[in-house]
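Here the structure comes first, spelled out in structure tokens, and everything after it is commentary.
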Amino acid sequence: MIAITDLEKSFGPKAVLRGITLEVPKGESLVVIGGSGTGKSVLLKCILGLVRPDGGSITLNGQDVTGKGREAFLARFGMLFQGGALFDSLTVWQNVAFRLVRGPDRRPRAEARAIAVEKLARVGLGADVADLHPAELSGGMQKRVGLARAIAADPEVIFFDEPTTGLDPIMAGVINDLIREIVAEMGATTITITHDMSSVRAIADKVAMLHAGKIRWHGPVAEMDSAEDPYLRQFITGAPEGPIETLR
Amino acid sequence: MGGGLALLAPLAVLGRATLALLAGTGRLTLFVLQILRHALTPPWYLRELGQQLLHIGWLSLPVVGLTALFTGGALALQIYAGGSRFNAESVVPSIVAIGMTRELGPVLGGLMVAGRVAAAIAAEIGTMKVTEQIDALTTLSTNPIKYLAVPRVLAATLTLPVLVAVGDSIGIFGGFLVGTTRLGFDAATYLDNTADYLELWDVISGLIKGAAFGFIVAVMGCYHGMGSGRGARGVGRATTKAVVSASILILGANYLLTEVFFRA
């Protein structure tokens with residue numbers, strides 16, 4: 001279980017996270033929604049240790065992940081980045097097998113390549129793309145490769161950062177379905193950040209809405225549409241009028 | 001009261017600039033210490049080191065070689081023209097050899113590699129930063145300094161002395177070509193004069209300078225690449241900063257090393 005308690009982070013005078021408390025039980029899929037600039041990415045980066053929080057704690061199965069436990073946490077972790085974040089200089093299979101050929105649990109390259117090809121097949125890509133470079137792939141294919149890389153080492157925890165950004169609705173639906181299927185197969189605990197409500201409905205077990213650095217609403221996805229919170233309602237409907245201030 | 005504040009304004013600007021300089025120096029020092037620590041502790045990424053040896057060393061040979069060839073030739077012409085004022089034309093071979101090995105080989109080699117390699121490193125790492133590839137490395141349990149900076153710094157530090165040695169040889173050959181075809185030197189005499197006056201320390205001091213300049217080039221490329229701002233403008237600024245700072249540091253380090261090696 002991932003437990004985030006009273007997490008705080010400011011950049012200069014701007015308080016981005018103001019006491020976030022969340023729990024994600026093992027095997028659950030939490031989707032964090034919220035407008036741009038509400039602190040979703042900072043929350044993710046704090047959990048990953050890319051940004052040092054000012055206060056609060058983050059634990060995985062009771063172990064603190066912000067200090068000495070970070071390496072152990074990352075070893076059981078996979079992530080799909082918004083833009084894919086594939087390494088340009090490596091081929092597709094080398095991207096997917098990146099963790100497999102390095103670190104304490106490294107495997108022979110032939111074995112790592114076989115696992116990479118298997119994971120590529122799991123996300124719907126043939127072995128023929130294994131030796132291409134990321135620049136030779138379409139946006140949708142890059143997302144699939146990023147997903148294959150995220151699951152290559154069979155992680156216990158997976159983060160998805162805007163998994164459908166930049167994709168057409170059909171490809172977004174395909175990626176959402178893939179994420180749902182793979183997460184169910186693996187039994188992984190996941191946190192997803194998205195603006196895309198179709199992703200929320202496809203991926204989430206629970207939804208947390210972040211607004212002004214705090215959790216505004218948190219509950220099962222099945223209760224989201226009937227929730228009366230005006231901020232959540234405005235976000236779901238996309239109405240320009242409402243409590244969330246918008247620039248025109 | 002207002003006049004007093006106005007008088008203090010230049011001091012405030014000076015203070016801010018000094019603090020910024022100290023903070024930057026501190027960040028760079030910590031970055032270098034991290035590189036050294038990661039260079040001495042496993043895991044070592046030998047495949048990446050091999051690739052960087054190829055990119056930084058082998059692919060820089062043409063630019064360093066051409067620079068040295070033309071510089072050696074021009075140096076021979078200049079020394080001949082200057083030496084003829086006091087009947088000292090015969091010093092051309094020895095001065096070309098000493099000038100190339102002690103100064104021009106390492107400095108011009110370092111500056112050419114700074115232009116080619118520091119820019120490439122800063123642009124590559126800067127682009128990796130803005131496209132979240134460096135964050136991805138971290139999430140894949142790979143330290144970005146160990147994976148990106150250490151192989152580049154090691155490769156540049158190891159290959160620049162080799163490039164300098166090749167550049168020295170080509171520069172001396174350039175001087176030989178001009179000396180024998182344009183200035184009327186006998187080939188055997190030219191080679192004898194070169195060998196007689198050139199000392200081993202002239203060559204070795206240049207190679208040590210080359211290693212120092214290689215270290216500077218790669219460190220500045222990595223430092224500015226990893227500190228790159230967002231977007232194309234951020235990467236462009238990082239690239240410019242890497243080349244300018246590497247070039248200035250090379251010239252400064254060259255003076256310091258010359259003082260240390262050849263102080264009268």
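Each chain in the structure tokens gets a letter, A, B and so on, in the order shown; residues start at 1 in every chain, and ligands are counted from 1 in the order they appear.
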
For the structure I just gave you, how does DSSP split stretch 16-122 of chain A - specifically, which residues are helix (DSSP H, G or I)? Reply as a PyMOL selection string. chain A and resi 40-48+70-75+92-96+109-122

Proximal residues of chain A relative to chain B (only C-alpha atoms; 8 Å) as a tab-separated table (two decimals) with all heavy atoms, in the first residue's frame:
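File produced: result.tsv:
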chain	number	residue	atom	x	y	z
A	48	LEU	N	8.26	10.08	-6.37
A	48	LEU	CA	9.42	9.48	-7.04
A	48	LEU	C	10.76	9.94	-6.48
A	48	LEU	O	11.80	9.40	-6.81
A	48	LEU	CB	9.40	9.84	-8.53
A	48	LEU	CG	8.29	9.23	-9.35
A	48	LEU	CD1	8.31	9.76	-10.76
A	48	LEU	CD2	8.45	7.73	-9.36
A	50	LEU	N	11.97	12.88	-7.15
A	50	LEU	CA	12.57	13.85	-8.06
A	50	LEU	C	12.44	15.26	-7.50
A	50	LEU	O	13.17	16.16	-7.87
A	50	LEU	CB	11.88	13.77	-9.44
A	50	LEU	CG	12.00	12.43	-10.16
A	50	LEU	CD1	11.13	12.40	-11.40
A	50	LEU	CD2	13.45	12.14	-10.51
A	71	GLU	N	15.68	3.63	-3.22
A	71	GLU	CA	16.24	2.69	-4.20
A	71	GLU	C	15.40	1.42	-4.26
A	71	GLU	O	15.11	0.91	-5.35
A	71	GLU	CB	17.69	2.35	-3.85
A	71	GLU	CG	18.68	3.47	-4.15
A	71	GLU	CD	18.69	3.86	-5.63
A	71	GLU	OE1	18.70	2.96	-6.48
A	71	GLU	OE2	18.63	5.07	-5.91
A	74	LEU	N	12.16	2.22	-6.06
A	74	LEU	CA	12.31	2.35	-7.50
A	74	LEU	C	12.54	1.00	-8.18
A	74	LEU	O	12.17	0.79	-9.34
A	74	LEU	CB	13.45	3.32	-7.84
A	74	LEU	CG	13.19	4.80	-7.51
A	74	LEU	CD1	14.42	5.64	-7.81
A	74	LEU	CD2	11.99	5.33	-8.29
A	75	ALA	N	13.17	0.08	-7.46
A	75	ALA	CA	13.42	-1.24	-8.03
A	75	ALA	C	12.12	-2.01	-8.28
A	75	ALA	O	12.09	-2.94	-9.08
A	75	ALA	CB	14.32	-2.04	-7.09
A	77	PHE	N	9.27	-0.50	-9.29
A	77	PHE	CA	8.44	0.57	-9.81
A	77	PHE	C	8.60	0.70	-11.33
A	77	PHE	O	9.67	0.46	-11.88
A	77	PHE	CB	8.89	1.87	-9.12
A	77	PHE	CG	8.29	3.10	-9.67
A	77	PHE	CD1	7.03	3.52	-9.27
A	77	PHE	CD2	8.98	3.87	-10.59
A	77	PHE	CE1	6.48	4.67	-9.79
A	77	PHE	CE2	8.43	5.03	-11.11
A	77	PHE	CZ	7.17	5.42	-10.71
A	78	GLY	N	7.50	1.06	-12.00
A	78	GLY	CA	7.57	1.36	-13.43
A	78	GLY	C	6.75	2.61	-13.71
A	78	GLY	O	5.83	2.93	-12.97
A	79	MET	N	7.11	3.32	-14.79
A	79	MET	CA	6.37	4.55	-15.08
A	79	MET	C	6.24	4.78	-16.57
A	79	MET	O	7.20	4.61	-17.33
A	79	MET	CB	7.08	5.75	-14.44
A	79	MET	CG	6.40	7.06	-14.75
A	79	MET	SD	6.76	8.33	-13.56
A	79	MET	CE	5.87	9.71	-14.28
A	81	PHE	N	5.68	7.79	-19.03
A	81	PHE	CA	5.75	9.25	-19.04
A	81	PHE	C	4.81	9.82	-20.10
A	81	PHE	O	4.49	9.18	-21.10
A	81	PHE	CB	7.18	9.71	-19.31
A	81	PHE	CG	8.09	9.56	-18.12
A	81	PHE	CD1	8.68	8.35	-17.83
A	81	PHE	CD2	8.32	10.63	-17.27
A	81	PHE	CE1	9.50	8.20	-16.73
A	81	PHE	CE2	9.13	10.49	-16.17
A	81	PHE	CZ	9.73	9.28	-15.90
A	83	GLY	N	5.25	12.08	-22.42
A	83	GLY	CA	5.76	12.10	-23.79
A	83	GLY	C	6.49	10.81	-24.16
A	83	GLY	O	7.18	10.78	-25.18
A	85	ALA	N	9.18	9.61	-23.08
A	85	ALA	CA	10.53	9.70	-22.50
A	85	ALA	C	11.39	8.50	-22.89
A	85	ALA	O	12.17	8.00	-22.09
A	85	ALA	CB	10.47	9.85	-20.97
A	86	LEU	N	11.22	8.07	-24.14
A	86	LEU	CA	12.07	6.97	-24.63
A	86	LEU	C	13.46	7.52	-24.94
A	86	LEU	O	13.58	8.67	-25.37
A	86	LEU	CB	11.45	6.34	-25.88
A	86	LEU	CG	10.05	5.76	-25.70
A	86	LEU	CD1	9.49	5.27	-27.02
A	86	LEU	CD2	10.06	4.63	-24.67
A	87	PHE	N	14.47	6.70	-24.76
A	87	PHE	CA	15.85	7.16	-25.00
A	87	PHE	C	16.13	7.12	-26.51
A	87	PHE	O	16.14	6.05	-27.12
A	87	PHE	CB	16.84	6.29	-24.23
A	87	PHE	CG	16.54	6.25	-22.75
A	87	PHE	CD1	16.33	5.05	-22.10
A	87	PHE	CD2	16.43	7.41	-22.02
A	87	PHE	CE1	16.03	5.01	-20.75
A	87	PHE	CE2	16.14	7.39	-20.66
A	87	PHE	CZ	15.93	6.19	-20.03
A	98	PHE	N	15.80	-1.78	-20.72
A	98	PHE	CA	16.82	-0.94	-20.08
A	98	PHE	C	17.16	-1.43	-18.67
A	98	PHE	O	18.32	-1.60	-18.31
A	98	PHE	CB	16.33	0.51	-20.01
A	98	PHE	CG	17.40	1.48	-19.61
A	98	PHE	CD1	18.18	2.10	-20.56
A	98	PHE	CD2	17.64	1.77	-18.27
A	98	PHE	CE1	19.18	2.99	-20.20
A	98	PHE	CE2	18.64	2.66	-17.91
A	98	PHE	CZ	19.41	3.26	-18.87
A	99	ARG	N	16.13	-1.67	-17.89
A	99	ARG	CA	16.39	-2.10	-16.50
A	99	ARG	C	16.92	-3.53	-16.44
A	99	ARG	O	17.65	-3.89	-15.52
A	99	ARG	CB	15.10	-1.98	-15.68
A	99	ARG	CG	15.31	-2.03	-14.18
A	99	ARG	CD	14.01	-2.30	-13.48
A	99	ARG	NE	13.13	-1.16	-13.38
A	99	ARG	CZ	13.20	-0.24	-12.42
A	99	ARG	NH1	14.15	-0.30	-11.51
A	99	ARG	NH2	12.34	0.75	-12.38
A	103	GLY	N	22.00	-2.89	-13.55
A	103	GLY	CA	21.64	-3.03	-12.16
A	103	GLY	C	21.93	-4.40	-11.60
A	103	GLY	O	22.46	-5.28	-12.29

Counting only C-alpha atoms, what is within 8 Å of stretch 150-164 of chain B, bar same-chain residues fewer than 4 positions away, as a ChimeraX atom specification? /B:35-36,38-39,45-46,48-50,52-53,56-57,60-61,64,105-106,109-110,145-146,168,206-215,217-219

One decimal, in Å: what's the spacing between atom CA of A:Pro169 and atom CA of A:His218? 26.4 Å

Hey, what's within 12 Å of A:Ala127 if we count only C-alpha atoms and toss same-chain stuff fewer than 5 positions away? As a list in words, please? Val92, Trp93, Arg113, Ala114, Ile115, Ala116, Val117, Glu118, Lys119, Leu120, Ala121, Arg122, Leu132 and Val145 of chain A

Could the residues in this selection be saved with C-alpha atoms as an mmCIF file, in the first residue's frame?
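Output contents, as saved in out_23.cif:
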data_model
loop_
_atom_site.group_PDB
_atom_site.id
_atom_site.type_symbol
_atom_site.label_atom_id
_atom_site.label_comp_id
_atom_site.auth_asym_id
_atom_site.auth_seq_id
_atom_site.Cartn_x
_atom_site.Cartn_y
_atom_site.Cartn_z
ATOM 1 C CA VAL A 92 13.073 0.020 -29.050
ATOM 2 C CA TRP A 93 14.073 -3.282 -27.468
ATOM 3 C CA ARG A 113 15.803 -8.971 -25.663
ATOM 4 C CA ALA A 114 13.441 -11.962 -25.578
ATOM 5 C CA ILE A 115 11.603 -10.457 -22.588
ATOM 6 C CA ALA A 116 11.446 -7.087 -24.366
ATOM 7 C CA VAL A 117 9.938 -8.673 -27.483
ATOM 8 C CA GLU A 118 7.413 -10.496 -25.287
ATOM 9 C CA LYS A 119 6.419 -7.242 -23.557
ATOM 10 C CA LEU A 120 6.175 -5.473 -26.916
ATOM 11 C CA ALA A 121 3.804 -8.213 -28.073
ATOM 12 C CA ARG A 122 1.753 -7.669 -24.886
ATOM 13 C CA LEU A 132 13.834 0.539 -34.758
ATOM 14 C CA VAL A 145 6.768 1.148 -26.115
#

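Between atom CA of B:Ala97 and atom CA of B:Ala253 the interatomic distance comes to 21.6 Å.
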
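The closest residue to A:Val16, picked from A:Asp128, A:Asp105, A:Glu28, A:Asp54 and counting only C-alpha atoms, is A:Asp54.
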
Residues within 8 Å of B:Arg102, only C-alpha atoms, excluding chain neighbours under 5 positions, as a list of chain:residue names: B:Asp202, B:Val203, B:Ser205, B:Gly206

Excluding same-chain residues fewer than 3 positions from A:Val31, what lies within 6 Å of it counting only C-alpha atoms, as a list in words?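 Listing them by chain and then by number gives Ile191, Thr192, Ile193, Ala204 and Val207 of chain A.
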
Save out the residues we just selected, N, CA, C and O atoms, as an mmCIF file, in the first residue's frame.
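The result, written out as part.cif:
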data_model
loop_
_atom_site.group_PDB
_atom_site.id
_atom_site.type_symbol
_atom_site.label_atom_id
_atom_site.label_comp_id
_atom_site.auth_asym_id
_atom_site.auth_seq_id
_atom_site.Cartn_x
_atom_site.Cartn_y
_atom_site.Cartn_z
ATOM 1 N N ILE A 191 -0.952 4.624 -9.829
ATOM 2 C CA ILE A 191 -1.442 6.002 -9.718
ATOM 3 C C ILE A 191 -1.341 6.617 -11.111
ATOM 4 O O ILE A 191 -0.293 6.544 -11.755
ATOM 5 N N THR A 192 -2.442 7.185 -11.574
ATOM 6 C CA THR A 192 -2.482 7.802 -12.903
ATOM 7 C C THR A 192 -2.853 9.272 -12.757
ATOM 8 O O THR A 192 -3.737 9.612 -11.972
ATOM 9 N N ILE A 193 -2.165 10.099 -13.506
ATOM 10 C CA ILE A 193 -2.522 11.513 -13.566
ATOM 11 C C ILE A 193 -3.114 11.777 -14.933
ATOM 12 O O ILE A 193 -2.520 11.381 -15.941
ATOM 13 N N ALA A 204 -9.743 3.885 -13.608
ATOM 14 C CA ALA A 204 -9.776 4.115 -12.155
ATOM 15 C C ALA A 204 -10.602 3.085 -11.379
ATOM 16 O O ALA A 204 -11.654 2.646 -11.832
ATOM 17 N N VAL A 207 -10.916 7.729 -7.512
ATOM 18 C CA VAL A 207 -10.524 9.006 -8.111
ATOM 19 C C VAL A 207 -10.249 10.003 -6.988
ATOM 20 O O VAL A 207 -10.972 10.026 -5.984
#

Which residue out of A:Ile158, A:Val32, A:Leu125, A:Met1 has the minimum interatomic distance to A:Pro220 when only C-alpha atoms are used?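 That would be A:Val32, the residue with the smallest distance to A:Pro220.
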
Point-to-point distance in Å for atom CA of B:Leu40 and atom CA of B:Gly221: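 Separation of atom CA of B:Gly221 and atom CA of B:Leu40: 20.5 Å.
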
Residue set, stretch 12-80 of chain A restricted to strand (DSSP E), as a PyMOL selection string: chain A and resi 14-24+29-33+55-60+63-64+77-80
